[in-house]
$ cat query.cif   # mmCIF, N, CA and C atoms
data_protein
#
loop_
_atom_site.label_atom_id
_atom_site.label_comp_id
_atom_site.auth_asym_id
_atom_site.auth_seq_id
_atom_site.Cartn_x
_atom_site.Cartn_y
_atom_site.Cartn_z
N MET A 1 -123.56 234.92 -90.39
CA MET A 1 -123.24 235.96 -89.44
C MET A 1 -122.05 235.48 -88.60
N PHE A 2 -121.14 236.37 -88.36
CA PHE A 2 -119.91 236.04 -87.64
C PHE A 2 -119.83 236.85 -86.34
N PRO A 3 -119.68 236.17 -85.21
CA PRO A 3 -119.45 236.90 -83.95
C PRO A 3 -118.01 237.39 -83.92
N MET A 4 -117.83 238.64 -83.56
CA MET A 4 -116.50 239.23 -83.54
C MET A 4 -116.15 239.64 -82.11
N PHE A 5 -114.89 239.41 -81.75
CA PHE A 5 -114.38 239.84 -80.45
C PHE A 5 -113.10 240.61 -80.69
N GLN A 6 -113.09 241.84 -80.26
CA GLN A 6 -111.93 242.71 -80.44
C GLN A 6 -111.30 242.96 -79.08
N GLU A 7 -110.07 242.46 -78.89
CA GLU A 7 -109.36 242.70 -77.64
C GLU A 7 -109.05 244.19 -77.51
N LEU A 8 -109.27 244.72 -76.32
CA LEU A 8 -109.00 246.13 -76.10
C LEU A 8 -107.55 246.38 -75.70
N ALA A 9 -106.91 245.37 -75.14
CA ALA A 9 -105.50 245.48 -74.75
C ALA A 9 -104.77 244.21 -75.19
N PRO A 10 -104.57 244.04 -76.50
CA PRO A 10 -104.02 242.78 -77.01
C PRO A 10 -102.61 242.45 -76.52
N HIS A 11 -101.86 243.44 -76.07
CA HIS A 11 -100.49 243.19 -75.62
C HIS A 11 -100.39 242.94 -74.13
N ASP A 12 -101.51 243.05 -73.42
CA ASP A 12 -101.54 242.83 -71.97
C ASP A 12 -102.16 241.45 -71.73
N GLN A 13 -101.34 240.48 -71.34
CA GLN A 13 -101.81 239.11 -71.14
C GLN A 13 -102.80 238.98 -69.99
N GLN A 14 -102.81 239.92 -69.08
CA GLN A 14 -103.72 239.87 -67.93
C GLN A 14 -105.09 240.49 -68.24
N ASP A 15 -105.15 241.40 -69.18
CA ASP A 15 -106.38 242.12 -69.50
C ASP A 15 -107.12 241.39 -70.61
N LYS A 16 -108.21 240.76 -70.27
CA LYS A 16 -108.99 240.00 -71.25
C LYS A 16 -110.27 240.74 -71.65
N CYS A 17 -110.33 242.04 -71.34
CA CYS A 17 -111.51 242.82 -71.72
C CYS A 17 -111.54 242.98 -73.23
N GLY A 18 -112.72 243.09 -73.75
CA GLY A 18 -112.84 243.24 -75.19
C GLY A 18 -114.20 243.75 -75.58
N HIS A 19 -114.41 243.76 -76.86
CA HIS A 19 -115.64 244.32 -77.43
C HIS A 19 -116.24 243.32 -78.42
N HIS A 20 -117.55 243.12 -78.33
CA HIS A 20 -118.28 242.21 -79.21
C HIS A 20 -119.07 243.00 -80.24
N TYR A 21 -119.03 242.52 -81.48
CA TYR A 21 -119.89 243.07 -82.54
C TYR A 21 -120.13 241.96 -83.56
N ALA A 22 -120.84 242.26 -84.63
CA ALA A 22 -121.23 241.23 -85.59
C ALA A 22 -120.91 241.65 -87.02
N ILE A 23 -120.54 240.66 -87.82
CA ILE A 23 -120.37 240.86 -89.25
C ILE A 23 -121.27 239.85 -89.97
N CYS A 24 -122.03 240.34 -90.90
CA CYS A 24 -122.95 239.50 -91.67
C CYS A 24 -122.49 239.45 -93.12
N LEU A 25 -122.44 238.26 -93.68
CA LEU A 25 -122.15 238.07 -95.09
C LEU A 25 -123.50 237.97 -95.81
N ASP A 26 -123.87 239.00 -96.54
CA ASP A 26 -125.15 239.05 -97.23
C ASP A 26 -124.93 238.65 -98.69
N LEU A 27 -125.17 237.37 -98.98
CA LEU A 27 -124.94 236.86 -100.33
C LEU A 27 -125.95 237.43 -101.32
N LYS A 28 -127.19 237.61 -100.88
CA LYS A 28 -128.24 238.10 -101.77
C LYS A 28 -127.92 239.51 -102.28
N ASN A 29 -127.52 240.40 -101.38
CA ASN A 29 -127.24 241.78 -101.76
C ASN A 29 -125.76 242.03 -102.04
N GLN A 30 -124.97 240.99 -101.96
CA GLN A 30 -123.55 241.00 -102.30
C GLN A 30 -122.75 242.07 -101.57
N HIS A 31 -122.83 242.02 -100.24
CA HIS A 31 -121.98 242.89 -99.42
C HIS A 31 -121.88 242.32 -98.00
N PHE A 32 -120.96 242.88 -97.25
CA PHE A 32 -120.81 242.56 -95.84
C PHE A 32 -121.48 243.66 -95.03
N GLU A 33 -122.09 243.29 -93.92
CA GLU A 33 -122.71 244.26 -93.03
C GLU A 33 -122.05 244.16 -91.66
N VAL A 34 -121.65 245.28 -91.12
CA VAL A 34 -121.03 245.34 -89.80
C VAL A 34 -122.00 246.03 -88.87
N LEU A 35 -122.35 245.34 -87.77
CA LEU A 35 -123.25 245.89 -86.76
C LEU A 35 -122.49 246.03 -85.46
N ASP A 36 -122.39 247.26 -84.98
CA ASP A 36 -121.61 247.55 -83.79
C ASP A 36 -122.40 248.53 -82.92
N SER A 37 -122.48 248.23 -81.64
CA SER A 37 -123.28 249.06 -80.73
C SER A 37 -122.50 250.17 -80.05
N ILE A 38 -121.20 250.26 -80.33
CA ILE A 38 -120.38 251.34 -79.76
C ILE A 38 -119.77 252.20 -80.85
N HIS A 39 -119.15 251.55 -81.84
CA HIS A 39 -118.37 252.27 -82.86
C HIS A 39 -119.17 252.48 -84.14
N SER A 40 -118.68 253.40 -84.95
CA SER A 40 -119.27 253.65 -86.26
C SER A 40 -118.18 253.51 -87.32
N GLU A 41 -118.55 253.72 -88.55
CA GLU A 41 -117.60 253.63 -89.66
C GLU A 41 -116.45 254.63 -89.51
N ALA A 42 -116.67 255.68 -88.76
CA ALA A 42 -115.63 256.70 -88.57
C ALA A 42 -114.54 256.25 -87.60
N ASP A 43 -114.74 255.15 -86.91
CA ASP A 43 -113.78 254.67 -85.91
C ASP A 43 -112.79 253.71 -86.56
N SER A 44 -111.53 254.11 -86.61
CA SER A 44 -110.53 253.28 -87.29
C SER A 44 -110.26 251.97 -86.56
N ASP A 45 -110.48 251.92 -85.24
CA ASP A 45 -110.30 250.65 -84.53
C ASP A 45 -111.29 249.61 -85.06
N LEU A 46 -112.53 250.02 -85.29
CA LEU A 46 -113.53 249.10 -85.83
C LEU A 46 -113.21 248.74 -87.27
N THR A 47 -112.99 249.74 -88.11
CA THR A 47 -112.80 249.44 -89.53
C THR A 47 -111.56 248.59 -89.78
N THR A 48 -110.48 248.85 -89.05
CA THR A 48 -109.26 248.05 -89.21
C THR A 48 -109.52 246.61 -88.82
N HIS A 49 -110.20 246.39 -87.68
CA HIS A 49 -110.48 245.04 -87.20
C HIS A 49 -111.42 244.31 -88.15
N ALA A 50 -112.51 244.97 -88.55
CA ALA A 50 -113.50 244.34 -89.43
C ALA A 50 -112.89 244.03 -90.80
N GLU A 51 -112.16 244.97 -91.36
CA GLU A 51 -111.59 244.77 -92.68
C GLU A 51 -110.52 243.67 -92.68
N PHE A 52 -109.77 243.54 -91.60
CA PHE A 52 -108.79 242.46 -91.50
C PHE A 52 -109.50 241.10 -91.57
N PHE A 53 -110.59 240.95 -90.81
CA PHE A 53 -111.34 239.70 -90.82
C PHE A 53 -111.95 239.46 -92.20
N ILE A 54 -112.60 240.47 -92.75
CA ILE A 54 -113.28 240.31 -94.04
C ILE A 54 -112.29 239.97 -95.14
N ASN A 55 -111.15 240.62 -95.16
CA ASN A 55 -110.13 240.30 -96.18
C ASN A 55 -109.63 238.86 -96.04
N ASN A 56 -109.47 238.40 -94.82
CA ASN A 56 -109.07 237.00 -94.61
C ASN A 56 -110.17 236.04 -95.03
N LEU A 57 -111.41 236.41 -94.77
CA LEU A 57 -112.53 235.57 -95.19
C LEU A 57 -112.60 235.50 -96.72
N LYS A 58 -112.42 236.62 -97.37
CA LYS A 58 -112.42 236.64 -98.84
C LYS A 58 -111.31 235.75 -99.40
N GLU A 59 -110.13 235.84 -98.82
CA GLU A 59 -108.99 235.03 -99.27
C GLU A 59 -109.26 233.54 -99.06
N THR A 60 -109.82 233.20 -97.90
CA THR A 60 -110.15 231.80 -97.60
C THR A 60 -111.24 231.29 -98.53
N TRP A 61 -112.25 232.11 -98.76
CA TRP A 61 -113.34 231.73 -99.67
C TRP A 61 -112.76 231.45 -101.06
N ASN A 62 -111.92 232.33 -101.52
CA ASN A 62 -111.33 232.17 -102.85
C ASN A 62 -110.49 230.90 -102.94
N ARG A 63 -109.77 230.58 -101.88
CA ARG A 63 -108.92 229.38 -101.86
C ARG A 63 -109.77 228.11 -101.89
N HIS A 64 -110.87 228.09 -101.13
CA HIS A 64 -111.66 226.86 -101.01
C HIS A 64 -112.83 226.78 -101.98
N TYR A 65 -113.28 227.91 -102.49
CA TYR A 65 -114.45 227.92 -103.40
C TYR A 65 -114.13 228.64 -104.70
N GLU A 66 -112.91 228.50 -105.18
CA GLU A 66 -112.51 229.24 -106.38
C GLU A 66 -113.33 228.87 -107.61
N HIS A 67 -113.92 227.69 -107.63
CA HIS A 67 -114.71 227.27 -108.80
C HIS A 67 -116.21 227.42 -108.56
N SER A 68 -116.58 228.00 -107.44
CA SER A 68 -117.99 228.23 -107.14
C SER A 68 -118.52 229.39 -107.99
N LYS A 69 -119.81 229.33 -108.32
CA LYS A 69 -120.38 230.46 -109.07
C LYS A 69 -120.58 231.68 -108.16
N VAL A 70 -120.53 231.47 -106.84
CA VAL A 70 -120.64 232.57 -105.89
C VAL A 70 -119.24 232.99 -105.46
N GLN A 71 -118.88 234.21 -105.78
CA GLN A 71 -117.60 234.77 -105.38
C GLN A 71 -117.86 236.04 -104.56
N ILE A 72 -117.03 236.26 -103.55
CA ILE A 72 -117.28 237.37 -102.64
C ILE A 72 -116.18 238.43 -102.65
N ARG A 73 -115.15 238.25 -103.44
CA ARG A 73 -114.00 239.16 -103.37
C ARG A 73 -114.37 240.60 -103.72
N HIS A 74 -115.45 240.81 -104.48
CA HIS A 74 -115.86 242.16 -104.86
C HIS A 74 -116.88 242.78 -103.89
N PHE A 75 -117.31 242.02 -102.88
CA PHE A 75 -118.32 242.53 -101.95
C PHE A 75 -117.76 243.73 -101.18
N LEU A 76 -118.55 244.77 -101.08
CA LEU A 76 -118.19 245.95 -100.30
C LEU A 76 -118.64 245.77 -98.86
N ILE A 77 -118.24 246.69 -98.01
CA ILE A 77 -118.60 246.64 -96.59
C ILE A 77 -119.57 247.77 -96.30
N GLU A 78 -120.68 247.43 -95.67
CA GLU A 78 -121.64 248.44 -95.21
C GLU A 78 -121.61 248.46 -93.69
N TYR A 79 -121.36 249.60 -93.12
CA TYR A 79 -121.40 249.77 -91.67
C TYR A 79 -122.82 250.22 -91.33
N VAL A 80 -123.62 249.32 -90.77
CA VAL A 80 -125.03 249.56 -90.51
C VAL A 80 -125.18 250.53 -89.33
N ALA A 81 -126.03 251.53 -89.51
CA ALA A 81 -126.30 252.48 -88.42
C ALA A 81 -127.13 251.77 -87.35
N THR A 82 -126.60 251.71 -86.15
CA THR A 82 -127.28 251.06 -85.04
C THR A 82 -127.44 252.05 -83.89
N VAL A 83 -128.37 251.76 -83.00
CA VAL A 83 -128.49 252.54 -81.78
C VAL A 83 -127.27 252.24 -80.93
N LYS A 84 -126.60 253.26 -80.45
CA LYS A 84 -125.40 253.07 -79.66
C LYS A 84 -125.75 252.89 -78.19
N GLN A 85 -125.08 251.95 -77.56
CA GLN A 85 -125.32 251.67 -76.15
C GLN A 85 -124.82 252.81 -75.29
N GLY A 86 -125.36 252.94 -74.10
CA GLY A 86 -125.02 254.05 -73.23
C GLY A 86 -123.90 253.77 -72.26
N ASN A 87 -123.23 252.63 -72.40
CA ASN A 87 -122.13 252.28 -71.50
C ASN A 87 -121.09 251.46 -72.27
N THR A 88 -120.10 250.96 -71.56
CA THR A 88 -119.05 250.18 -72.23
C THR A 88 -119.12 248.69 -71.89
N THR A 89 -120.22 248.24 -71.30
CA THR A 89 -120.28 246.86 -70.83
C THR A 89 -121.33 245.98 -71.50
N ASP A 90 -122.24 246.54 -72.27
CA ASP A 90 -123.36 245.75 -72.78
C ASP A 90 -123.23 245.31 -74.23
N CYS A 91 -122.04 245.45 -74.84
CA CYS A 91 -121.89 245.12 -76.25
C CYS A 91 -122.21 243.66 -76.56
N GLY A 92 -121.91 242.76 -75.63
CA GLY A 92 -122.21 241.35 -75.85
C GLY A 92 -123.70 241.08 -75.97
N PHE A 93 -124.49 241.78 -75.17
CA PHE A 93 -125.95 241.61 -75.25
C PHE A 93 -126.49 242.19 -76.55
N HIS A 94 -125.93 243.30 -76.99
CA HIS A 94 -126.33 243.87 -78.27
C HIS A 94 -125.99 242.90 -79.40
N ALA A 95 -124.80 242.32 -79.35
CA ALA A 95 -124.39 241.36 -80.38
C ALA A 95 -125.32 240.14 -80.39
N LEU A 96 -125.69 239.64 -79.22
CA LEU A 96 -126.62 238.50 -79.16
C LEU A 96 -127.95 238.84 -79.82
N GLU A 97 -128.42 240.05 -79.62
CA GLU A 97 -129.68 240.46 -80.25
C GLU A 97 -129.52 240.59 -81.77
N TYR A 98 -128.37 241.07 -82.22
CA TYR A 98 -128.13 241.12 -83.67
C TYR A 98 -128.19 239.72 -84.26
N PHE A 99 -127.54 238.76 -83.58
CA PHE A 99 -127.54 237.38 -84.08
C PHE A 99 -128.94 236.80 -84.12
N ALA A 100 -129.73 237.10 -83.11
CA ALA A 100 -131.06 236.52 -83.01
C ALA A 100 -132.07 237.18 -83.96
N LYS A 101 -131.90 238.47 -84.25
CA LYS A 101 -132.98 239.20 -84.92
C LYS A 101 -132.62 239.88 -86.23
N TRP A 102 -131.35 239.94 -86.61
CA TRP A 102 -130.98 240.65 -87.83
C TRP A 102 -131.46 239.89 -89.05
N GLU A 103 -132.21 240.58 -89.91
CA GLU A 103 -132.71 239.99 -91.15
C GLU A 103 -132.25 240.78 -92.37
N GLY A 104 -131.35 241.73 -92.15
CA GLY A 104 -130.83 242.50 -93.25
C GLY A 104 -131.62 243.74 -93.60
N ARG A 105 -132.64 244.05 -92.83
CA ARG A 105 -133.45 245.22 -93.16
C ARG A 105 -133.58 246.16 -91.98
N VAL A 106 -134.18 245.67 -90.90
CA VAL A 106 -134.47 246.51 -89.74
C VAL A 106 -133.52 246.15 -88.61
N VAL A 107 -132.80 247.15 -88.10
CA VAL A 107 -131.89 246.92 -86.99
C VAL A 107 -132.73 246.67 -85.74
N PRO A 108 -132.46 245.59 -85.00
CA PRO A 108 -133.23 245.32 -83.79
C PRO A 108 -133.13 246.48 -82.79
N THR A 109 -134.26 246.82 -82.18
CA THR A 109 -134.27 247.85 -81.16
C THR A 109 -133.84 247.21 -79.85
N ILE A 110 -132.78 247.75 -79.27
CA ILE A 110 -132.24 247.19 -78.03
C ILE A 110 -132.22 248.31 -76.99
N SER A 111 -133.05 248.15 -75.99
CA SER A 111 -133.15 249.16 -74.94
C SER A 111 -132.44 248.66 -73.68
N THR A 112 -132.34 249.54 -72.71
CA THR A 112 -131.77 249.15 -71.42
C THR A 112 -132.60 248.03 -70.81
N ALA A 113 -133.92 248.10 -70.96
CA ALA A 113 -134.79 247.05 -70.43
C ALA A 113 -134.51 245.71 -71.11
N THR A 114 -134.24 245.74 -72.41
CA THR A 114 -133.90 244.51 -73.13
C THR A 114 -132.63 243.90 -72.57
N VAL A 115 -131.62 244.73 -72.33
CA VAL A 115 -130.36 244.24 -71.80
C VAL A 115 -130.56 243.64 -70.41
N VAL A 116 -131.34 244.30 -69.56
CA VAL A 116 -131.60 243.78 -68.21
C VAL A 116 -132.30 242.42 -68.30
N GLU A 117 -133.25 242.30 -69.19
CA GLU A 117 -133.96 241.03 -69.36
C GLU A 117 -133.01 239.93 -69.85
N LEU A 118 -132.15 240.27 -70.80
CA LEU A 118 -131.16 239.30 -71.29
C LEU A 118 -130.20 238.88 -70.19
N GLN A 119 -129.79 239.83 -69.34
CA GLN A 119 -128.91 239.49 -68.23
C GLN A 119 -129.58 238.48 -67.30
N LYS A 120 -130.86 238.67 -67.03
CA LYS A 120 -131.59 237.74 -66.17
C LYS A 120 -131.68 236.35 -66.81
N ILE A 121 -132.03 236.32 -68.08
CA ILE A 121 -132.19 235.05 -68.79
C ILE A 121 -130.87 234.28 -68.84
N HIS A 122 -129.80 234.95 -69.22
CA HIS A 122 -128.51 234.26 -69.36
C HIS A 122 -127.94 233.86 -68.00
N THR A 123 -128.16 234.67 -66.97
CA THR A 123 -127.71 234.29 -65.63
C THR A 123 -128.47 233.05 -65.16
N TRP A 124 -129.77 233.04 -65.36
CA TRP A 124 -130.58 231.88 -64.97
C TRP A 124 -130.11 230.63 -65.72
N ASN A 125 -129.91 230.75 -67.01
CA ASN A 125 -129.46 229.59 -67.80
C ASN A 125 -128.10 229.10 -67.33
N TRP A 126 -127.24 230.01 -66.96
CA TRP A 126 -125.91 229.65 -66.49
C TRP A 126 -125.99 228.95 -65.14
N LEU A 127 -126.77 229.52 -64.22
CA LEU A 127 -126.86 228.96 -62.88
C LEU A 127 -127.56 227.61 -62.84
N THR A 128 -128.46 227.38 -63.76
CA THR A 128 -129.20 226.12 -63.75
C THR A 128 -128.63 225.09 -64.72
N ASN A 129 -127.50 225.38 -65.32
CA ASN A 129 -126.86 224.46 -66.25
C ASN A 129 -126.21 223.32 -65.47
N GLU A 130 -126.65 222.10 -65.75
CA GLU A 130 -126.14 220.94 -65.01
C GLU A 130 -124.63 220.73 -65.20
N ASP A 131 -124.15 220.88 -66.42
CA ASP A 131 -122.73 220.68 -66.67
C ASP A 131 -121.89 221.68 -65.87
N PHE A 132 -122.33 222.94 -65.84
CA PHE A 132 -121.58 223.94 -65.08
C PHE A 132 -121.59 223.60 -63.60
N ASN A 133 -122.72 223.23 -63.08
CA ASN A 133 -122.84 222.97 -61.65
C ASN A 133 -122.12 221.70 -61.20
N LYS A 134 -121.81 220.80 -62.12
CA LYS A 134 -121.05 219.59 -61.78
C LYS A 134 -119.56 219.85 -61.72
N ARG A 135 -119.11 220.97 -62.26
CA ARG A 135 -117.67 221.29 -62.26
C ARG A 135 -117.20 221.59 -60.85
N SER A 136 -116.00 221.16 -60.55
CA SER A 136 -115.45 221.46 -59.24
C SER A 136 -115.18 222.96 -59.16
N GLY A 137 -115.53 223.56 -58.07
CA GLY A 137 -115.30 224.98 -57.87
C GLY A 137 -116.37 225.88 -58.44
N ALA A 138 -117.48 225.33 -58.95
CA ALA A 138 -118.53 226.15 -59.56
C ALA A 138 -119.15 227.10 -58.53
N ARG A 139 -119.44 226.57 -57.35
CA ARG A 139 -120.05 227.40 -56.32
C ARG A 139 -119.10 228.52 -55.90
N GLU A 140 -117.84 228.20 -55.70
CA GLU A 140 -116.86 229.21 -55.30
C GLU A 140 -116.71 230.26 -56.39
N PHE A 141 -116.72 229.83 -57.65
CA PHE A 141 -116.61 230.78 -58.75
C PHE A 141 -117.76 231.77 -58.72
N MET A 142 -118.98 231.28 -58.51
CA MET A 142 -120.16 232.16 -58.47
C MET A 142 -120.11 233.10 -57.27
N GLU A 143 -119.69 232.57 -56.14
CA GLU A 143 -119.62 233.41 -54.95
C GLU A 143 -118.60 234.52 -55.11
N GLU A 144 -117.47 234.22 -55.71
CA GLU A 144 -116.44 235.23 -55.94
C GLU A 144 -116.90 236.26 -56.96
N ALA A 145 -117.64 235.82 -57.97
CA ALA A 145 -118.08 236.72 -59.03
C ALA A 145 -119.17 237.68 -58.57
N THR A 146 -119.88 237.32 -57.51
CA THR A 146 -121.00 238.16 -57.07
C THR A 146 -120.68 239.00 -55.86
N LEU A 147 -119.47 238.93 -55.37
CA LEU A 147 -119.11 239.76 -54.22
C LEU A 147 -118.72 241.15 -54.62
#

$ encode --input "query.cif" --output "structure tokens"
Amino acid sequence: MFPMFQELAPHDQQDKCGHHYAICLDLKNQHFEVLDSIHSEADSDLTTHAEFFINNLKETWNRHYEHSKVQIRHFLIEYVATVKQGNTTDCGFHALEYFAKWEGRVVPTISTATVVELQKIHTWNWLTNEDFNKRSGAREFMEEATL
């Protein structure tokens, strides 16, 4: 499974906003699966981004594993139907759930309550991380981020 980040304003050096989604290489069923909580197969921004990555992966695989009995150049892309999020900010939490729970059959159910719980868990892990808290300016960073 590959975590994907799509810049929303790639030509603006100040704007680092983006979109997270997942691509899975399914060797057993011989295809790629794209899981996205905002876009569908009808969205050319998604398909262009996903296909660019997949084509590069196929080329790299062929270059490094050309003598392998497993070849992926013929694998098709399946855009998996997922529940779409109700806002533009929770795609990262949806992607984390795809990584944790995707088994190639049932799309994980991700509700608003799930996202809220993940926000609590990840915030707690971040705030209690010793390495983060030893960094100079960690407290100021948190105070600025929560104002």

$ residues_around --input "query.cif" --residues "region 86-100 of chain A" --least-positions-apart "4" --cutoff "10 Å" --atoms "only C-alpha atoms" --output "ChimeraX atom specification"
/A:1-5,17-24,35-38,82,107-112,114-119,122

$ atom_distance --input "query.cif" --atom1 "atom N of Val106 (chain A)" --atom2 "CA of Phe32 (chain A)"
14.6 Å

$ resolve_selection --input "query.cif" --expression "the PyMOL selection byres (((chain A and resi 79 and name CA) around 8) and name CA)" --output "ChimeraX atom specification"
/A:33-35,40-41,77-78,80-81

$ select_by_dssp --input "query.cif" --residues "chain A" --states "strand (DSSP E)" --output "PDB file with N, CA and C atoms, in the frame of the given file"
ATOM      1  N   PHE A   2    -121.140 236.370 -88.360  1.00  0.00           N
ATOM      2  CA  PHE A   2    -119.910 236.040 -87.640  1.00  0.00           C
ATOM      3  C   PHE A   2    -119.830 236.850 -86.340  1.00  0.00           C
ATOM      4  N   PRO A   3    -119.680 236.170 -85.210  1.00  0.00           N
ATOM      5  CA  PRO A   3    -119.450 236.900 -83.950  1.00  0.00           C
ATOM      6  C   PRO A   3    -118.010 237.390 -83.920  1.00  0.00           C
ATOM      7  N   MET A   4    -117.830 238.640 -83.560  1.00  0.00           N
ATOM      8  CA  MET A   4    -116.500 239.230 -83.540  1.00  0.00           C
ATOM      9  C   MET A   4    -116.150 239.640 -82.110  1.00  0.00           C
ATOM     10  N   PHE A   5    -114.890 239.410 -81.750  1.00  0.00           N
ATOM     11  CA  PHE A   5    -114.380 239.840 -80.450  1.00  0.00           C
ATOM     12  C   PHE A   5    -113.100 240.610 -80.690  1.00  0.00           C
ATOM     13  N   GLN A   6    -113.090 241.840 -80.260  1.00  0.00           N
ATOM     14  CA  GLN A   6    -111.930 242.710 -80.440  1.00  0.00           C
ATOM     15  C   GLN A   6    -111.300 242.960 -79.080  1.00  0.00           C
ATOM     16  N   GLU A   7    -110.070 242.460 -78.890  1.00  0.00           N
ATOM     17  CA  GLU A   7    -109.360 242.700 -77.640  1.00  0.00           C
ATOM     18  C   GLU A   7    -109.050 244.190 -77.510  1.00  0.00           C
ATOM     19  N   GLY A  18    -112.720 243.090 -73.750  1.00  0.00           N
ATOM     20  CA  GLY A  18    -112.840 243.240 -75.190  1.00  0.00           C
ATOM     21  C   GLY A  18    -114.200 243.750 -75.580  1.00  0.00           C
ATOM     22  N   HIS A  19    -114.410 243.760 -76.860  1.00  0.00           N
ATOM     23  CA  HIS A  19    -115.640 244.320 -77.430  1.00  0.00           C
ATOM     24  C   HIS A  19    -116.240 243.320 -78.420  1.00  0.00           C
ATOM     25  N   HIS A  20    -117.550 243.120 -78.330  1.00  0.00           N
ATOM     26  CA  HIS A  20    -118.280 242.210 -79.210  1.00  0.00           C
ATOM     27  C   HIS A  20    -119.070 243.000 -80.240  1.00  0.00           C
ATOM     28  N   TYR A  21    -119.030 242.520 -81.480  1.00  0.00           N
ATOM     29  CA  TYR A  21    -119.890 243.070 -82.540  1.00  0.00           C
ATOM     30  C   TYR A  21    -120.130 241.960 -83.560  1.00  0.00           C
ATOM     31  N   ALA A  22    -120.840 242.260 -84.630  1.00  0.00           N
ATOM     32  CA  ALA A  22    -121.230 241.230 -85.590  1.00  0.00           C
ATOM     33  C   ALA A  22    -120.910 241.650 -87.020  1.00  0.00           C
ATOM     34  N   ILE A  23    -120.540 240.660 -87.820  1.00  0.00           N
ATOM     35  CA  ILE A  23    -120.370 240.860 -89.250  1.00  0.00           C
ATOM     36  C   ILE A  23    -121.270 239.850 -89.970  1.00  0.00           C
ATOM     37  N   CYS A  24    -122.030 240.340 -90.900  1.00  0.00           N
ATOM     38  CA  CYS A  24    -122.950 239.500 -91.670  1.00  0.00           C
ATOM     39  C   CYS A  24    -122.490 239.450 -93.120  1.00  0.00           C
ATOM     40  N   LEU A  25    -122.440 238.260 -93.680  1.00  0.00           N
ATOM     41  CA  LEU A  25    -122.150 238.070 -95.090  1.00  0.00           C
ATOM     42  C   LEU A  25    -123.500 237.970 -95.810  1.00  0.00           C
ATOM     43  N   ASP A  26    -123.870 239.000 -96.540  1.00  0.00           N
ATOM     44  CA  ASP A  26    -125.150 239.050 -97.230  1.00  0.00           C
ATOM     45  C   ASP A  26    -124.930 238.650 -98.690  1.00  0.00           C
ATOM     46  N   HIS A  31    -122.830 242.020-100.240  1.00  0.00           N
ATOM     47  CA  HIS A  31    -121.980 242.890 -99.420  1.00  0.00           C
ATOM     48  C   HIS A  31    -121.880 242.320 -98.000  1.00  0.00           C
ATOM     49  N   PHE A  32    -120.960 242.880 -97.250  1.00  0.00           N
ATOM     50  CA  PHE A  32    -120.810 242.560 -95.840  1.00  0.00           C
ATOM     51  C   PHE A  32    -121.480 243.660 -95.030  1.00  0.00           C
ATOM     52  N   GLU A  33    -122.090 243.290 -93.920  1.00  0.00           N
ATOM     53  CA  GLU A  33    -122.710 244.260 -93.030  1.00  0.00           C
ATOM     54  C   GLU A  33    -122.050 244.160 -91.660  1.00  0.00           C
ATOM     55  N   VAL A  34    -121.650 245.280 -91.120  1.00  0.00           N
ATOM     56  CA  VAL A  34    -121.030 245.340 -89.800  1.00  0.00           C
ATOM     57  C   VAL A  34    -122.000 246.030 -88.870  1.00  0.00           C
ATOM     58  N   LEU A  35    -122.350 245.340 -87.770  1.00  0.00           N
ATOM     59  CA  LEU A  35    -123.250 245.890 -86.760  1.00  0.00           C
ATOM     60  C   LEU A  35    -122.490 246.030 -85.460  1.00  0.00           C
ATOM     61  N   LEU A  76    -118.550 244.770-101.080  1.00  0.00           N
ATOM     62  CA  LEU A  76    -118.190 245.950-100.300  1.00  0.00           C
ATOM     63  C   LEU A  76    -118.640 245.770 -98.860  1.00  0.00           C
ATOM     64  N   ILE A  77    -118.240 246.690 -98.010  1.00  0.00           N
ATOM     65  CA  ILE A  77    -118.600 246.640 -96.590  1.00  0.00           C
ATOM     66  C   ILE A  77    -119.570 247.770 -96.300  1.00  0.00           C
ATOM     67  N   GLU A  78    -120.680 247.430 -95.670  1.00  0.00           N
ATOM     68  CA  GLU A  78    -121.640 248.440 -95.210  1.00  0.00           C
ATOM     69  C   GLU A  78    -121.610 248.460 -93.690  1.00  0.00           C
ATOM     70  N   TYR A  79    -121.360 249.600 -93.120  1.00  0.00           N
ATOM     71  CA  TYR A  79    -121.400 249.770 -91.670  1.00  0.00           C
ATOM     72  C   TYR A  79    -122.820 250.220 -91.330  1.00  0.00           C
TER      73      TYR A  79
END

$ select_by_dssp --input "query.cif" --residues "chain A" --states "alpha helix (DSSP H)" --output "PyMOL selection string"
chain A and resi 44-64+91-101+112-127+130-134+138-145

$ resolve_selection --input "query.cif" --expression "the PyMOL selection byres (((chain A and resi 52-55 and name CA) around 9) and name CA)" --output "ChimeraX atom specification"
/A:4,23,32,47-51,56-60,73,77

$ atom_distance --input "query.cif" --atom1 "CA of Gln6 (chain A)" --atom2 "CA of Leu46 (chain A)"
8.5 Å

$ atom_distance --input "query.cif" --atom1 "CA of Gln85 (chain A)" --atom2 "atom C of Asn125 (chain A)"
24.4 Å

$ closest_residue --input "query.cif" --among "A:Ala9, A:Leu27, A:Ala113, A:Met142" --to "Lys69 (chain A)" --atoms "only C-alpha atoms"
A:Leu27

$ axis_aligned_box --input "query.cif" --around "region 39-48 of chain A" --padding-each-side "8 Å" --output "lines of an AutoDock Vina configuration file"
center_x = -114.3
center_y = 251.7
center_z = -85.8
size_x = 26.0
size_y = 26.1
size_z = 23.9
